[in-house]
Amino acid sequence: MAKYGKKSQAKVKRAMEEMKEGTLKSGKSGKTVTDRKQAIAIGLSEARAEGAKMPAAPKKKAAVSKKKIAPKKKAAGAKRKTAARKTASRKKNVKAKKR
């Protein structure tokens, strides 16, 4: 099991107390934090920045390129545009471009 040092525990405790008082603010937006898990995350990130003893932050997953993703299948009830509707919409677009 992961072991957290006293400094990291103190940071989380302080963040939780600030959240309960309503004075804990999030980073970029500056909004008041109301979620318990977010308060814990803020405390842990502050402790990490100060070099407290704790496990490394979870690694973010790499973005998958679009080529590797399989094409999505349409739902069984999804309707397709008929050829007549397609040509009508194309004619509209051509007329609009000429103007």
# chains A, B, ... in the order shown; residues from 1 in each chain; ligands from 1
>>> residues_around(residues="range 8-19 of chain A", least_positions_apart="4", cutoff="12 Å", atoms="only C-alpha atoms", output="NGL selection string")
:A and (3-4 or 23-26 or 31-55)
>>> write_last_selection(atoms="N, CA, C and O atoms", output="CSV table (one decimal), in the first residue's frame")
chain,number,residue,atom,x,y,z
A,3,LYS,N,2.4,4.7,0.9
A,3,LYS,CA,2.7,5.4,2.2
A,3,LYS,C,2.8,6.9,1.9
A,3,LYS,O,3.5,7.4,1.1
A,4,TYR,N,2.1,7.7,2.7
A,4,TYR,CA,2.1,9.1,2.6
A,4,TYR,C,2.8,9.7,3.8
A,4,TYR,O,2.6,9.2,5.0
A,23,THR,N,-13.3,28.5,1.8
A,23,THR,CA,-12.2,29.4,1.3
A,23,THR,C,-11.3,28.8,0.4
A,23,THR,O,-10.4,29.5,-0.2
A,24,LEU,N,-11.4,27.5,0.1
A,24,LEU,CA,-10.5,26.8,-0.8
A,24,LEU,C,-11.0,27.1,-2.3
A,24,LEU,O,-12.1,26.9,-2.6
A,25,LYS,N,-10.0,27.6,-3.1
A,25,LYS,CA,-10.3,28.0,-4.5
A,25,LYS,C,-9.5,27.1,-5.4
A,25,LYS,O,-8.4,26.6,-5.1
A,26,SER,N,-10.1,26.8,-6.6
A,26,SER,CA,-9.4,26.0,-7.6
A,26,SER,C,-8.4,26.8,-8.3
A,26,SER,O,-8.4,28.1,-8.3
A,31,LYS,N,-12.7,29.3,-8.8
A,31,LYS,CA,-14.0,29.0,-8.2
A,31,LYS,C,-13.8,28.3,-6.8
A,31,LYS,O,-12.8,27.6,-6.6
A,32,THR,N,-14.8,28.4,-6.0
A,32,THR,CA,-14.8,27.7,-4.7
A,32,THR,C,-14.9,26.2,-4.9
A,32,THR,O,-15.8,25.8,-5.6
A,33,VAL,N,-14.1,25.5,-4.2
A,33,VAL,CA,-14.1,24.0,-4.3
A,33,VAL,C,-15.2,23.5,-3.3
A,33,VAL,O,-15.2,23.9,-2.2
A,34,THR,N,-16.1,22.6,-3.8
A,34,THR,CA,-17.1,22.0,-3.0
A,34,THR,C,-17.0,20.5,-3.0
A,34,THR,O,-17.7,19.9,-2.2
A,35,ASP,N,-16.2,19.9,-3.8
A,35,ASP,CA,-16.0,18.5,-3.9
A,35,ASP,C,-14.9,18.0,-3.0
A,35,ASP,O,-13.8,18.5,-3.1
A,36,ARG,N,-15.2,17.0,-2.2
A,36,ARG,CA,-14.2,16.4,-1.3
A,36,ARG,C,-13.0,15.9,-2.0
A,36,ARG,O,-11.8,16.1,-1.6
A,37,LYS,N,-13.2,15.2,-3.1
A,37,LYS,CA,-12.1,14.6,-3.9
A,37,LYS,C,-11.2,15.6,-4.5
A,37,LYS,O,-10.0,15.5,-4.6
A,38,GLN,N,-11.8,16.7,-4.9
A,38,GLN,CA,-11.0,17.8,-5.5
A,38,GLN,C,-10.2,18.5,-4.5
A,38,GLN,O,-9.0,18.8,-4.7
A,39,ALA,N,-10.7,18.6,-3.3
A,39,ALA,CA,-9.9,19.2,-2.2
A,39,ALA,C,-8.7,18.3,-1.8
A,39,ALA,O,-7.6,18.8,-1.6
A,40,ILE,N,-8.9,17.0,-1.8
A,40,ILE,CA,-7.8,16.1,-1.5
A,40,ILE,C,-6.8,16.2,-2.6
A,40,ILE,O,-5.6,16.2,-2.4
A,41,ALA,N,-7.2,16.3,-3.9
A,41,ALA,CA,-6.3,16.4,-5.0
A,41,ALA,C,-5.4,17.7,-4.9
A,41,ALA,O,-4.2,17.6,-5.2
A,42,ILE,N,-6.1,18.7,-4.5
A,42,ILE,CA,-5.3,20.0,-4.3
A,42,ILE,C,-4.3,19.9,-3.3
A,42,ILE,O,-3.1,20.3,-3.4
A,43,GLY,N,-4.7,19.3,-2.1
A,43,GLY,CA,-3.7,19.1,-1.0
A,43,GLY,C,-2.5,18.2,-1.4
A,43,GLY,O,-1.4,18.5,-1.1
A,44,LEU,N,-2.8,17.1,-2.2
A,44,LEU,CA,-1.7,16.2,-2.6
A,44,LEU,C,-0.8,16.9,-3.6
A,44,LEU,O,0.4,16.7,-3.6
A,45,SER,N,-1.4,17.7,-4.5
A,45,SER,CA,-0.5,18.4,-5.5
A,45,SER,C,0.4,19.4,-4.8
A,45,SER,O,1.5,19.6,-5.2
A,46,GLU,N,-0.1,20.1,-3.8
A,46,GLU,CA,0.7,21.1,-3.1
A,46,GLU,C,1.8,20.3,-2.4
A,46,GLU,O,2.9,20.8,-2.3
A,47,ALA,N,1.5,19.2,-1.8
A,47,ALA,CA,2.5,18.4,-1.1
A,47,ALA,C,3.6,17.9,-2.0
A,47,ALA,O,4.8,17.9,-1.7
A,48,ARG,N,3.2,17.5,-3.2
A,48,ARG,CA,4.1,17.0,-4.3
A,48,ARG,C,5.1,18.1,-4.7
A,48,ARG,O,6.2,17.9,-4.8
A,49,ALA,N,4.5,19.3,-4.8
A,49,ALA,CA,5.3,20.5,-5.2
A,49,ALA,C,6.4,20.8,-4.1
A,49,ALA,O,7.5,21.3,-4.5
A,50,GLU,N,6.1,20.5,-2.9
A,50,GLU,CA,7.0,20.8,-1.8
A,50,GLU,C,8.0,19.6,-1.6
A,50,GLU,O,8.8,19.7,-0.7
A,51,GLY,N,7.8,18.5,-2.3
A,51,GLY,CA,8.7,17.4,-2.2
A,51,GLY,C,8.3,16.4,-1.0
A,51,GLY,O,9.2,15.8,-0.5
A,52,ALA,N,7.1,16.4,-0.6
A,52,ALA,CA,6.7,15.5,0.5
A,52,ALA,C,6.8,14.0,0.0
A,52,ALA,O,6.7,13.7,-1.2
A,53,LYS,N,6.9,13.1,1.0
A,53,LYS,CA,7.0,11.7,0.7
A,53,LYS,C,5.6,11.2,0.3
A,53,LYS,O,4.7,11.3,1.1
A,54,MET,N,5.5,10.7,-0.9
A,54,MET,CA,4.3,10.2,-1.4
A,54,MET,C,4.5,9.5,-2.7
A,54,MET,O,5.5,9.7,-3.4
A,55,PRO,N,3.6,8.6,-3.1
A,55,PRO,CA,3.7,7.9,-4.4
A,55,PRO,C,3.6,8.9,-5.6
A,55,PRO,O,3.1,10.0,-5.4
>>> atom_distance(atom1="CA of Pro58 in chain A", atom2="CA of Glu21 in chain A")
28.6 Å
>>> atom_distance(atom1="CA of Lys97 in chain A", atom2="CA of Arg85 in chain A")
18.6 Å
